[in-house]
file input_32.cif (mmCIF, C-alpha atoms)
data_data
loop_
_atom_site.label_atom_id
_atom_site.label_comp_id
_atom_site.auth_asym_id
_atom_site.auth_seq_id
_atom_site.Cartn_x
_atom_site.Cartn_y
_atom_site.Cartn_z
CA MET P 1 -14.20 -8.37 -2.69
CA LEU P 2 -11.79 -5.44 -2.93
CA THR P 3 -13.01 -2.76 -0.55
CA LYS P 4 -13.25 1.01 -0.86
CA ARG P 5 -10.61 2.77 1.22
CA ILE P 6 -11.04 5.52 3.81
CA ILE P 7 -7.93 7.66 4.20
CA PRO P 8 -7.35 10.32 6.87
CA CYS P 9 -4.81 12.93 5.82
CA LEU P 10 -2.48 14.58 8.34
CA ASP P 11 -0.61 17.81 7.63
CA ILE P 12 2.77 17.93 9.30
CA LYS P 13 4.76 21.06 9.98
CA ASP P 14 8.18 20.87 11.63
CA GLY P 15 7.40 17.33 12.79
CA ARG P 16 4.04 18.18 14.38
CA THR P 17 0.46 17.73 13.23
CA VAL P 18 -1.16 21.01 12.28
CA LYS P 19 -4.87 21.79 12.46
CA GLY P 20 -6.43 21.15 15.81
CA VAL P 21 -7.38 17.64 16.66
CA ASN P 22 -10.20 16.78 18.94
CA PHE P 23 -9.71 13.21 20.03
CA VAL P 24 -10.52 12.49 23.61
CA ASP P 25 -8.33 9.41 23.76
CA ILE P 26 -5.17 11.09 22.47
CA ARG P 27 -2.50 12.21 24.88
CA ASP P 28 -0.69 14.47 22.46
CA ALA P 29 -2.85 15.63 19.57
CA GLY P 30 0.15 17.16 17.86
CA ASP P 31 2.06 13.89 17.67
CA PRO P 32 1.67 12.44 14.15
CA VAL P 33 2.80 9.00 15.28
CA GLU P 34 0.22 8.69 18.02
CA LEU P 35 -2.50 10.15 15.84
CA GLY P 36 -1.65 7.81 12.97
CA ALA P 37 -1.73 4.78 15.23
CA ALA P 38 -5.09 5.92 16.64
CA TYR P 39 -6.57 6.20 13.14
CA ALA P 40 -5.22 2.75 12.27
CA ALA P 41 -6.90 1.37 15.39
CA GLN P 42 -10.19 3.09 14.42
CA GLY P 43 -10.18 1.26 11.09
CA ALA P 44 -8.51 3.67 8.67
CA ASP P 45 -7.39 1.75 5.57
CA GLU P 46 -4.39 3.93 4.80
CA LEU P 47 -2.90 7.20 5.99
CA VAL P 48 -1.46 10.18 4.16
CA PHE P 49 1.14 12.42 5.82
CA LEU P 50 1.85 15.69 4.03
CA ASP P 51 4.89 17.67 5.07
CA ILE P 52 4.11 21.36 4.78
CA SER P 53 7.31 22.58 6.45
CA ALA P 54 8.58 25.71 4.85
CA THR P 55 12.29 25.01 4.68
CA ASN P 56 14.51 22.17 3.51
CA GLU P 57 16.20 22.19 6.89
CA LYS P 58 12.92 21.42 8.65
CA ARG P 59 12.08 18.80 6.03
CA LYS P 60 15.05 16.71 7.07
CA THR P 61 13.23 15.95 10.29
CA PHE P 62 10.42 14.46 8.20
CA ALA P 63 12.39 11.32 7.22
CA ALA P 64 13.08 10.65 10.89
CA LEU P 65 9.39 11.08 11.58
CA VAL P 66 8.48 8.68 8.75
CA LYS P 67 10.63 6.04 10.40
CA GLU P 68 8.79 6.59 13.68
CA ILE P 69 5.46 6.27 11.89
CA ALA P 70 6.56 3.06 10.15
CA THR P 71 7.60 1.63 13.48
CA TYR P 72 4.22 2.14 15.12
CA VAL P 73 1.62 2.14 12.34
CA ASN P 74 0.54 -1.27 11.01
CA ILE P 75 -1.31 -0.12 7.88
CA PRO P 76 0.04 1.33 4.61
CA PHE P 77 0.84 5.01 4.45
CA THR P 78 1.75 7.60 1.84
CA VAL P 79 4.04 10.55 2.43
CA GLY P 80 4.26 13.71 0.40
CA GLY P 81 5.08 17.37 0.42
CA GLY P 82 8.16 19.01 -0.99
CA ILE P 83 9.36 16.08 -3.09
CA THR P 84 11.16 17.54 -6.08
CA CYS P 85 13.52 14.81 -7.27
CA LEU P 86 14.46 11.16 -7.11
CA ALA P 87 16.94 11.84 -4.31
CA ASP P 88 14.18 13.19 -2.06
CA VAL P 89 12.30 9.88 -2.24
CA ALA P 90 14.85 7.19 -1.41
CA PRO P 91 15.24 8.24 2.27
CA LEU P 92 11.45 8.24 2.72
CA LEU P 93 11.08 4.73 1.31
CA GLU P 94 14.09 3.55 3.27
CA ALA P 95 12.40 4.96 6.36
CA GLY P 96 9.39 2.72 5.68
CA ALA P 97 6.90 4.76 3.63
CA ASP P 98 4.75 2.61 1.32
CA LYS P 99 4.07 5.29 -1.27
CA VAL P 100 5.01 8.86 -2.03
CA SER P 101 2.75 11.51 -3.48
CA ILE P 102 4.05 14.14 -5.85
CA ASN P 103 2.21 17.25 -6.98
CA SER P 104 3.72 20.58 -8.09
CA ALA P 105 7.11 19.05 -8.90
CA ALA P 106 5.48 16.63 -11.36
CA VAL P 107 3.65 19.48 -13.10
CA LYS P 108 6.93 21.33 -13.47
CA ASN P 109 8.90 18.23 -14.45
CA PRO P 110 6.63 15.39 -15.64
CA ASP P 111 9.64 13.11 -16.18
CA LEU P 112 9.80 12.83 -12.40
CA ILE P 113 6.83 10.44 -12.57
CA ASP P 114 8.67 8.15 -15.00
CA GLU P 115 11.85 8.29 -12.94
CA LEU P 116 10.11 7.37 -9.69
CA ALA P 117 8.02 4.61 -11.27
CA LYS P 118 11.07 3.10 -12.91
CA ALA P 119 13.17 3.28 -9.75
CA PHE P 120 10.60 2.11 -7.21
CA GLY P 121 7.61 0.70 -9.12
CA SER P 122 4.28 2.30 -9.99
CA GLN P 123 2.71 1.18 -6.73
CA PHE P 124 5.02 3.63 -4.92
CA VAL P 125 3.91 6.67 -6.91
CA ALA P 126 0.70 8.57 -6.24
CA LEU P 127 0.17 11.60 -8.46
CA ALA P 128 -1.67 14.29 -6.51
CA ILE P 129 -3.60 16.73 -8.67
CA ASP P 130 -5.18 19.93 -7.33
CA ALA P 131 -7.66 21.39 -9.79
CA ARG P 132 -10.40 23.99 -9.93
CA LYS P 133 -12.92 24.97 -12.54
CA VAL P 134 -11.95 28.00 -14.61
CA ASP P 135 -14.23 28.98 -17.50
CA ASN P 136 -15.89 25.57 -17.39
CA GLN P 137 -12.56 23.71 -17.61
CA TRP P 138 -10.86 21.79 -14.81
CA ILE P 139 -7.45 23.47 -14.61
CA VAL P 140 -4.55 21.98 -12.62
CA HIS P 141 -3.18 24.31 -9.95
CA THR P 142 0.13 24.04 -8.10
CA HIS P 143 1.58 25.24 -4.81
CA GLY P 144 -1.38 24.35 -2.66
CA GLY P 145 -3.87 25.32 -5.33
CA SER P 146 -2.72 28.91 -5.67
CA ASN P 147 -1.01 28.88 -9.07
CA PRO P 148 -2.88 27.92 -12.24
CA SER P 149 -0.76 25.75 -14.53
CA GLY P 150 -1.22 25.23 -18.24
CA LYS P 151 -2.48 21.70 -17.65
CA LYS P 152 -6.00 20.36 -17.70
CA LEU P 153 -7.14 17.79 -15.16
CA PHE P 154 -8.19 14.94 -17.44
CA SER P 155 -5.31 15.02 -19.89
CA TRP P 156 -2.81 15.44 -17.03
CA ALA P 157 -4.29 12.46 -15.13
CA LYS P 158 -4.10 10.33 -18.27
CA GLU P 159 -0.53 11.44 -18.91
CA GLY P 160 0.34 10.66 -15.28
CA GLN P 161 -1.00 7.14 -15.71
CA SER P 162 0.93 6.52 -18.91
CA ARG P 163 4.12 7.86 -17.30
CA GLY P 164 3.74 5.27 -14.54
CA ALA P 165 1.74 6.78 -11.67
CA GLY P 166 0.02 4.01 -9.70
CA GLU P 167 -2.75 6.14 -8.30
CA ILE P 168 -4.35 9.57 -8.77
CA LEU P 169 -5.18 11.70 -5.72
CA PHE P 170 -7.61 14.28 -7.06
CA THR P 171 -8.44 17.31 -4.93
CA SER P 172 -11.06 19.77 -6.11
CA MET P 173 -9.92 23.16 -4.83
CA ASP P 174 -13.47 24.39 -5.40
CA HIS P 175 -14.79 21.86 -2.92
CA ASP P 176 -11.91 21.67 -0.46
CA GLY P 177 -12.91 23.09 2.92
CA THR P 178 -16.56 23.64 1.93
CA LYS P 179 -17.90 20.44 3.55
CA LYS P 180 -20.51 20.38 0.78
CA GLY P 181 -19.45 17.11 -0.79
CA PHE P 182 -16.83 15.79 -3.20
CA ALA P 183 -16.62 16.86 -6.86
CA ILE P 184 -18.65 13.97 -8.24
CA ASP P 185 -18.68 14.67 -11.99
CA PRO P 186 -14.91 14.93 -12.52
CA LEU P 187 -14.44 11.86 -10.30
CA ALA P 188 -16.77 9.80 -12.46
CA LYS P 189 -15.01 11.04 -15.57
CA LEU P 190 -11.58 10.15 -14.14
CA HIS P 191 -12.91 6.68 -13.38
CA GLU P 192 -14.02 6.24 -16.99
CA LEU P 193 -10.75 7.55 -18.31
CA LEU P 194 -8.22 5.73 -16.13
CA ASP P 195 -7.19 2.17 -15.32
CA ILE P 196 -5.49 3.12 -12.04
CA PRO P 197 -7.25 3.86 -8.73
CA VAL P 198 -8.57 7.34 -7.98
CA ILE P 199 -8.67 8.86 -4.50
CA ALA P 200 -11.34 11.52 -3.98
CA SER P 201 -10.33 14.52 -1.90
CA GLY P 202 -11.85 17.86 -0.96
CA GLY P 203 -15.32 18.62 0.30
CA ALA P 204 -16.17 15.81 2.71
CA GLY P 205 -18.74 17.04 5.20
CA SER P 206 -20.99 14.08 5.92
CA MET P 207 -21.25 10.32 5.60
CA GLN P 208 -23.53 10.76 2.60
CA HIS P 209 -20.77 12.62 0.78
CA PHE P 210 -18.55 9.53 0.99
CA LEU P 211 -21.39 7.35 -0.26
CA GLU P 212 -21.82 9.68 -3.25
CA ALA P 213 -18.08 9.67 -3.98
CA PHE P 214 -18.08 5.86 -4.12
CA VAL P 215 -21.43 5.20 -5.80
CA LEU P 216 -21.73 8.17 -8.17
CA GLY P 217 -18.09 9.26 -8.42
CA LYS P 218 -16.87 5.61 -8.60
CA ALA P 219 -13.86 6.57 -6.47
CA ASP P 220 -11.64 3.77 -5.19
CA ALA P 221 -10.81 5.65 -2.01
CA ALA P 222 -11.81 8.85 -0.24
CA LEU P 223 -9.64 11.16 1.78
CA ALA P 224 -10.56 13.68 4.46
CA ALA P 225 -8.75 15.66 7.10
CA SER P 226 -10.57 18.04 9.43
CA LEU P 227 -13.77 16.00 9.45
CA PHE P 228 -11.89 13.17 11.14
CA HIS P 229 -9.48 15.34 13.13
CA PHE P 230 -12.23 17.28 14.85
CA GLY P 231 -14.07 14.08 15.69
CA GLU P 232 -17.12 15.13 13.68
CA LEU P 233 -17.11 11.72 12.10
CA THR P 234 -15.49 8.53 13.30
CA ILE P 235 -14.12 6.10 10.77
CA SER P 236 -15.97 3.19 12.34
CA ASP P 237 -19.36 4.99 12.12
CA LEU P 238 -18.62 5.98 8.54
CA LYS P 239 -17.74 2.42 7.55
CA LYS P 240 -20.86 1.00 9.17
CA TYR P 241 -22.96 3.51 7.26
CA LEU P 242 -21.25 2.68 3.97
CA GLN P 243 -21.67 -1.05 4.57
CA THR P 244 -25.37 -0.60 5.31
CA ASN P 245 -25.66 1.23 2.02
CA GLY P 246 -24.02 -1.55 0.03
CA VAL P 247 -20.49 -0.17 -0.34
CA PRO P 248 -17.82 -2.84 0.29
CA VAL P 249 -15.62 -1.69 3.18
CA ARG P 250 -13.30 -3.37 5.64
CA VAL P 251 -15.06 -3.44 9.01
CA MET Q 1 15.97 -16.10 16.07
CA VAL Q 2 14.17 -15.18 12.84
CA ALA Q 3 16.19 -14.46 9.69
CA VAL Q 4 14.77 -11.99 7.18
CA ILE Q 5 16.51 -12.53 3.86
CA ARG Q 6 18.24 -9.41 2.59
CA TYR Q 7 18.21 -9.00 -1.18
CA ASN Q 8 17.47 -6.32 -3.78
CA ALA Q 9 13.75 -6.07 -3.12
CA GLY Q 10 11.71 -3.34 -1.50
CA ASN Q 11 9.77 -3.28 1.75
CA ILE Q 12 12.11 -5.48 3.76
CA ARG Q 13 12.23 -2.68 6.35
CA SER Q 14 8.44 -2.87 6.71
CA VAL Q 15 8.69 -6.53 7.67
CA ALA Q 16 11.37 -5.63 10.18
CA PHE Q 17 9.13 -2.97 11.74
CA ALA Q 18 6.29 -5.50 12.02
CA LEU Q 19 8.58 -7.99 13.79
CA GLU Q 20 9.68 -5.21 16.16
CA ARG Q 21 6.02 -4.53 16.98
CA LEU Q 22 5.62 -8.23 17.78
CA ASP Q 23 8.73 -8.10 19.97
CA VAL Q 24 10.41 -10.83 17.94
CA GLU Q 25 14.19 -11.19 17.73
CA PHE Q 26 15.35 -11.10 14.13
CA SER Q 27 18.19 -10.20 11.83
CA ILE Q 28 18.08 -8.94 8.26
CA THR Q 29 20.80 -10.90 6.52
CA ASP Q 30 22.12 -12.49 3.34
CA ASN Q 31 24.67 -14.54 5.27
CA HIS Q 32 24.07 -18.20 4.39
CA GLU Q 33 25.14 -19.60 7.73
CA GLU Q 34 22.99 -17.16 9.67
CA ILE Q 35 19.96 -17.95 7.53
CA GLN Q 36 20.50 -21.70 7.76
CA LYS Q 37 20.65 -21.73 11.53
CA ALA Q 38 17.62 -19.45 12.08
CA ASP Q 39 14.50 -20.93 13.70
CA GLN Q 40 12.31 -19.41 11.00
CA VAL Q 41 13.12 -17.59 7.79
CA ILE Q 42 11.10 -14.79 6.16
CA PHE Q 43 11.52 -14.15 2.44
CA PRO Q 44 9.75 -10.82 1.83
CA GLY Q 45 9.73 -8.55 -1.15
CA VAL Q 46 8.18 -5.99 -3.40
CA GLY Q 47 9.81 -5.64 -6.78
CA GLU Q 48 10.37 -7.23 -10.15
CA ALA Q 49 10.90 -10.97 -10.64
CA SER Q 50 13.84 -11.23 -13.07
CA SER Q 51 16.18 -8.72 -11.41
CA THR Q 52 15.54 -10.17 -7.96
CA MET Q 53 16.05 -13.76 -9.20
CA LYS Q 54 19.33 -12.71 -10.78
CA TYR Q 55 20.46 -11.21 -7.50
CA LEU Q 56 19.51 -14.40 -5.63
CA GLN Q 57 21.46 -16.51 -8.16
CA ASP Q 58 24.50 -14.22 -8.05
CA HIS Q 59 24.57 -14.58 -4.28
CA LYS Q 60 23.82 -18.34 -4.41
CA LEU Q 61 20.77 -17.68 -2.28
CA ASP Q 62 18.52 -19.50 -4.78
CA ILE Q 63 19.89 -22.95 -4.00
CA MET Q 64 20.20 -22.22 -0.30
CA ILE Q 65 16.56 -21.10 0.07
CA LYS Q 66 15.28 -24.25 -1.65
CA GLU Q 67 17.23 -26.45 0.71
CA LEU Q 68 16.10 -24.80 3.94
CA LYS Q 69 14.52 -27.21 6.41
CA GLN Q 70 13.01 -24.81 8.96
CA PRO Q 71 9.70 -22.96 8.35
CA VAL Q 72 10.10 -20.38 5.56
CA LEU Q 73 7.52 -17.65 4.87
CA GLY Q 74 7.40 -16.01 1.45
CA ILE Q 75 5.60 -12.67 1.24
CA CYS Q 76 4.25 -11.15 -2.00
CA LEU Q 77 7.15 -11.27 -4.48
CA GLY Q 78 8.76 -13.82 -2.16
CA MET Q 79 5.77 -16.11 -2.70
CA GLN Q 80 5.93 -15.64 -6.47
CA LEU Q 81 9.66 -16.36 -6.56
CA MET Q 82 8.99 -19.66 -4.74
CA CYS Q 83 7.04 -20.85 -7.83
CA SER Q 84 8.66 -22.40 -10.88
CA PHE Q 85 8.08 -19.62 -13.40
CA SER Q 86 6.75 -16.05 -13.57
CA GLU Q 87 5.26 -14.31 -16.57
CA GLU Q 88 6.95 -11.15 -15.27
CA ASN Q 89 9.77 -10.89 -17.82
CA ASN Q 90 9.47 -14.68 -18.33
CA THR Q 91 11.53 -15.53 -15.30
CA THR Q 92 12.53 -18.99 -14.14
CA CYS Q 93 12.06 -18.95 -10.37
CA LEU Q 94 12.98 -21.21 -7.45
CA GLY Q 95 10.56 -24.03 -8.24
CA ILE Q 96 9.57 -24.92 -4.69
CA PHE Q 97 5.95 -24.83 -5.88
CA ASP Q 98 5.42 -26.23 -9.38
CA GLU Q 99 3.23 -23.32 -10.46
CA HIS Q 100 3.36 -20.57 -13.09
CA VAL Q 101 2.82 -17.01 -11.84
CA LYS Q 102 0.47 -15.13 -14.16
CA LEU Q 103 -0.32 -11.49 -14.95
CA PHE Q 104 -3.84 -10.28 -14.10
CA GLN Q 105 -5.72 -9.49 -17.29
CA SER Q 106 -7.35 -6.13 -16.60
CA VAL Q 107 -11.04 -6.06 -17.33
CA LYS Q 108 -13.02 -2.84 -17.33
CA HIS Q 109 -13.20 -1.34 -13.85
CA GLU Q 110 -11.10 -4.10 -12.31
CA LYS Q 111 -7.82 -2.28 -12.07
CA VAL Q 112 -4.32 -3.76 -12.15
CA PRO Q 113 -2.42 -3.74 -9.82
CA HIS Q 114 -4.81 -5.30 -7.34
CA MET Q 115 -4.27 -2.75 -4.57
CA GLY Q 116 -6.08 -2.43 -1.28
CA TRP Q 117 -7.89 -4.54 1.30
CA ASN Q 118 -9.50 -7.77 0.16
CA SER Q 119 -10.79 -10.83 2.02
CA LEU Q 120 -9.43 -14.35 2.34
CA THR Q 121 -11.30 -17.64 2.29
CA LEU Q 122 -9.29 -20.37 3.99
CA THR Q 123 -9.39 -23.71 2.21
CA ASN Q 124 -7.31 -25.68 4.69
CA GLY Q 125 -4.07 -25.58 6.45
CA TRP Q 126 -1.90 -23.30 8.35
CA LEU Q 127 -3.57 -19.93 8.64
CA ASP Q 128 -5.37 -19.16 11.90
CA ASN Q 129 -9.15 -19.52 11.60
CA ARG Q 130 -9.54 -16.00 12.96
CA VAL Q 131 -8.42 -14.61 9.59
CA ASN Q 132 -11.03 -16.54 7.60
CA GLU Q 133 -13.21 -14.08 5.62
CA GLN Q 134 -11.22 -11.17 7.07
CA PHE Q 135 -9.45 -8.38 5.20
CA VAL Q 136 -5.74 -8.10 4.44
CA TYR Q 137 -3.71 -5.68 2.32
CA PHE Q 138 -2.62 -6.55 -1.23
CA VAL Q 139 -0.44 -4.79 -3.82
CA HIS Q 140 0.38 -6.94 -6.85
CA SER Q 141 -0.08 -7.33 -10.59
CA TYR Q 142 0.87 -11.02 -10.87
CA TYR Q 143 -0.82 -13.92 -9.11
CA VAL Q 144 -0.40 -17.60 -8.28
CA PRO Q 145 -3.35 -19.61 -9.66
CA VAL Q 146 -5.39 -21.86 -7.35
CA ASN Q 147 -3.53 -25.20 -7.08
CA PRO Q 148 -3.32 -28.28 -4.83
CA HIS Q 149 -1.10 -26.34 -2.38
CA THR Q 150 -3.53 -23.43 -2.01
CA THR Q 151 -4.50 -22.74 1.59
CA ALA Q 152 -6.45 -19.49 1.08
CA ILE Q 153 -8.29 -18.03 -1.90
CA THR Q 154 -9.03 -14.38 -2.72
CA ASP Q 155 -11.25 -13.22 -5.55
CA TYR Q 156 -10.11 -10.40 -7.80
CA ILE Q 157 -10.86 -10.64 -11.54
CA LEU Q 158 -10.65 -14.38 -10.78
CA PRO Q 159 -10.07 -16.57 -7.71
CA PHE Q 160 -6.32 -16.78 -7.02
CA SER Q 161 -4.07 -18.17 -4.26
CA SER Q 162 -3.67 -15.70 -1.43
CA ALA Q 163 -1.78 -18.33 0.60
CA ILE Q 164 -0.01 -21.60 -0.25
CA LYS Q 165 1.90 -24.21 1.72
CA LYS Q 166 4.12 -27.19 0.90
CA ASP Q 167 6.19 -29.02 3.52
CA ASN Q 168 8.12 -26.34 5.44
CA PHE Q 169 7.39 -23.61 2.88
CA TYR Q 170 4.59 -21.16 3.62
CA ALA Q 171 3.68 -18.18 1.47
CA VAL Q 172 1.18 -15.33 1.32
CA GLN Q 173 0.41 -12.94 -1.52
CA PHE Q 174 -0.78 -10.17 0.81
CA HIS Q 175 1.33 -8.07 3.18
CA PRO Q 176 0.86 -9.26 6.78
CA GLU Q 177 3.29 -6.51 7.84
CA LYS Q 178 0.75 -3.92 6.60
CA SER Q 179 -2.47 -5.75 7.45
CA SER Q 180 -3.19 -4.41 10.91
CA LEU Q 181 -4.38 -6.97 13.48
CA MET Q 182 -5.11 -9.70 10.92
CA GLY Q 183 -1.56 -9.43 9.63
CA GLU Q 184 -0.20 -9.77 13.14
CA ILE Q 185 -2.22 -12.96 13.61
CA VAL Q 186 -0.77 -14.36 10.36
CA LEU Q 187 2.80 -13.52 11.36
CA ARG Q 188 2.27 -14.97 14.83
CA SER Q 189 0.85 -18.22 13.49
CA PHE Q 190 3.88 -18.58 11.21
CA LEU Q 191 6.33 -17.72 13.98
CA ASN Q 192 4.77 -20.48 16.12
CA LYS Q 193 5.81 -23.10 13.54
CA SER Q 194 8.85 -25.21 14.21
#
call {"tool": "encode", "arguments": {"input": "input_32.cif", "output": "structure tokens"}}
result
Amino acid sequence: MLTKRIIPCLDIKDGRTVKGVNFVDIRDAGDPVELGAAYAAQGADELVFLDISATNEKRKTFAALVKEIATYVNIPFTVGGGITCLADVAPLLEAGADKVSINSAAVKNPDLIDELAKAFGSQFVALAIDARKVDNQWIVHTHGGSNPSGKKLFSWAKEGQSRGAGEILFTSMDHDGTKKGFAIDPLAKLHELLDIPVIASGGAGSMQHFLEAFVLGKADAALAASLFHFGELTISDLKKYLQTNGVPVRV
Amino acid sequence: MVAVIRYNAGNIRSVAFALERLDVEFSITDNHEEIQKADQVIFPGVGEASSTMKYLQDHKLDIMIKELKQPVLGICLGMQLMCSFSEENNTTCLGIFDEHVKLFQSVKHEKVPHMGWNSLTLTNGWLDNRVNEQFVYFVHSYYVPVNPHTTAITDYILPFSSAIKKDNFYAVQFHPEKSSLMGEIVLRSFLNKS
């Protein structure tokens, strides 16, 4: 049976992991390669590395880092952050990334989705959507959730699918960082609407929140960052809990 | 020495990284002589059937691969190209396995591509028993039906071949290079063949 995926997300700035990490068994908590390998060993199903470096110059170091990650990490991983065109992607895939995620650039230029899917296949393209509720509508926001765009979550997700995205990574900006649970209703609606997998993101605070995202939100995968980084929850404990509650997971 | 066949398909680098992790000597090559004299050959790939078959034909790799005598491992698209025909752009393939590769028919809430970790049930043959009922990583929209050469079955929409074997030709639909410890066991058990 196809299992639900648990995905730790690591933010990278200038080649280093940002946000504190509280793993006892890690020598260098700022080293994305070591951290990624540790998550893989704990039972993570995939990893996401987001480059949040401010300048293009610093971003160049990211491709070298991706190659390091691919050398040491034996599970699939997605890279994203700052991808604006086809030319940004080829070096990342060549370096060994399994998928790329695109966000603001796709909102600005939706044809980018088609171009990437055509060049590399849909399975390489994850469309990340940040949205928050404004006047009872889920509105897509760009640039880390700060700028409202003219797009609405559900129609944009559907458009992304038809343009060739292989996966939707939906982050509720209203839930992100609250630790009060994922945005269940829009997840369930995305599931009804789409034929491609949906990754839930934003709001994870407990094991029960993951269970809700899978059972009620029908998500195919769930992503979290600080919850794992600070050691509040281990992936192996989370998977045992999900299995006990009838969710198919790889243990 | 292991030869990894170089052609116009994706994810060949990922296989190379996995072999590096296993400390195996290998070369990524489309040189016929180098491939022919390798101890084992890996035929990886993520991509589209017709354009990759055309590339293989243009480089006369199609005939050479079929005539290889050492153990050959097809991965994902590599496995599909070892069959006789693929529904992906109605492509005539290598014909090592007399099977037609079919497109998954999406049913509600069973999404295509089949992407993620799914389990294997070994039916016989070459895969290490330690991987029986364990999880490996899949990404594919087309599948090889269950047939007399099937050595492992996975269930998604319907039971399909997750591994096949005939003579010196071995093939897996999943990605051992991305399947953590289970994938390493699969690669090791292939690399022990002679």
call {"tool": "residues_near_point", "arguments": {"input": "input_32.cif", "point": "(-11.5, -3.2, -13.6)", "cutoff": "12 Å", "atoms": "all atoms listed in the file", "output": "PyMOL selection string"}}
result
(chain P and resi 2+191-197+218+220) or (chain Q and resi 104-115+156-158)
call {"tool": "interface_residues", "arguments": {"input": "input_32.cif", "of": "chain P", "to": "chain Q", "cutoff": "8 Å", "atoms": "all atoms listed in the file", "output": "list in words"}}
result
Met1, Leu2, Thr3, Lys4, Arg5, Ala40, Asp45, Ala70, Thr71, Tyr72, Asn74, Ile75, Pro76, Glu94, Ala95, Gly96, Asp98, Phe120, Gly121, Gln123, Asp195, Ile196, Pro197 and Arg250 of chain P
call {"tool": "atom_distance", "arguments": {"input": "input_32.cif", "atom1": "CA of Asn90 (chain Q)", "atom2": "CA of Glu167 (chain P)"}}
result
26.1 Å
call {"tool": "closest_residue", "arguments": {"input": "input_32.cif", "among": "P:Thr17, P:Tyr39, P:Lys151, P:Asp135", "to": "Gly231 (chain P)", "atoms": "all atoms listed in the file"}}
result
P:Tyr39
call {"tool": "closest_residue", "arguments": {"input": "input_32.cif", "among": "P:Ala222, P:Ala183, P:Val33, P:Cys9", "to": "Gly80 (chain P)", "atoms": "only C-alpha atoms"}}
result
P:Cys9
call {"tool": "resolve_selection", "arguments": {"input": "input_32.cif", "expression": "the PyMOL selection byres ((chain P and resi 238) around 12)", "output": "PDB file with C-alpha atoms, in the coordinates of the input"}}
result
ATOM      1  CA  LYS P   4     -13.250   1.010  -0.860  1.00  0.00           C
ATOM      2  CA  ARG P   5     -10.610   2.770   1.220  1.00  0.00           C
ATOM      3  CA  ILE P   6     -11.040   5.520   3.810  1.00  0.00           C
ATOM      4  CA  ILE P   7      -7.930   7.660   4.200  1.00  0.00           C
ATOM      5  CA  GLN P  42     -10.190   3.090  14.420  1.00  0.00           C
ATOM      6  CA  GLY P  43     -10.180   1.260  11.090  1.00  0.00           C
ATOM      7  CA  ALA P  44      -8.510   3.670   8.670  1.00  0.00           C
ATOM      8  CA  ALA P 204     -16.170  15.810   2.710  1.00  0.00           C
ATOM      9  CA  GLY P 205     -18.740  17.040   5.200  1.00  0.00           C
ATOM     10  CA  SER P 206     -20.990  14.080   5.920  1.00  0.00           C
ATOM     11  CA  MET P 207     -21.250  10.320   5.600  1.00  0.00           C
ATOM     12  CA  GLN P 208     -23.530  10.760   2.600  1.00  0.00           C
ATOM     13  CA  HIS P 209     -20.770  12.620   0.780  1.00  0.00           C
ATOM     14  CA  PHE P 210     -18.550   9.530   0.990  1.00  0.00           C
ATOM     15  CA  LEU P 211     -21.390   7.350  -0.260  1.00  0.00           C
ATOM     16  CA  ALA P 222     -11.810   8.850  -0.240  1.00  0.00           C
ATOM     17  CA  ALA P 224     -10.560  13.680   4.460  1.00  0.00           C
ATOM     18  CA  LEU P 227     -13.770  16.000   9.450  1.00  0.00           C
ATOM     19  CA  PHE P 228     -11.890  13.170  11.140  1.00  0.00           C
ATOM     20  CA  GLY P 231     -14.070  14.080  15.690  1.00  0.00           C
ATOM     21  CA  GLU P 232     -17.120  15.130  13.680  1.00  0.00           C
ATOM     22  CA  LEU P 233     -17.110  11.720  12.100  1.00  0.00           C
ATOM     23  CA  THR P 234     -15.490   8.530  13.300  1.00  0.00           C
ATOM     24  CA  ILE P 235     -14.120   6.100  10.770  1.00  0.00           C
ATOM     25  CA  SER P 236     -15.970   3.190  12.340  1.00  0.00           C
ATOM     26  CA  ASP P 237     -19.360   4.990  12.120  1.00  0.00           C
ATOM     27  CA  LYS P 239     -17.740   2.420   7.550  1.00  0.00           C
ATOM     28  CA  LYS P 240     -20.860   1.000   9.170  1.00  0.00           C
ATOM     29  CA  TYR P 241     -22.960   3.510   7.260  1.00  0.00           C
ATOM     30  CA  LEU P 242     -21.250   2.680   3.970  1.00  0.00           C
ATOM     31  CA  GLN P 243     -21.670  -1.050   4.570  1.00  0.00           C
ATOM     32  CA  THR P 244     -25.370  -0.600   5.310  1.00  0.00           C
ATOM     33  CA  ASN P 245     -25.660   1.230   2.020  1.00  0.00           C
ATOM     34  CA  VAL P 247     -20.490  -0.170  -0.340  1.00  0.00           C
ATOM     35  CA  VAL P 249     -15.620  -1.690   3.180  1.00  0.00           C
ATOM     36  CA  ARG P 250     -13.300  -3.370   5.640  1.00  0.00           C
ATOM     37  CA  VAL P 251     -15.060  -3.440   9.010  1.00  0.00           C
TER      38      VAL P 251
END
call {"tool": "residues_around", "arguments": {"input": "input_32.cif", "residues": "region 2-6 of chain Q", "least_positions_apart": "3", "cutoff": "9 Å", "atoms": "only C-alpha atoms", "output": "list in words"}}
result
Ala9, Ile12, Val15, Ala16, Val24, Glu25, Phe26, Ser27, Ile28, Thr29, Asp30, Asn31, Glu34, Ile35, Gln36, Lys37, Ala38, Asp39, Gln40, Val41, Ile42, Phe43, Pro44 and Leu191 of chain Q
call {"tool": "atom_distance", "arguments": {"input": "input_32.cif", "atom1": "CA of Leu50 (chain P)", "atom2": "CA of Leu169 (chain P)"}}
result
12.7 Å
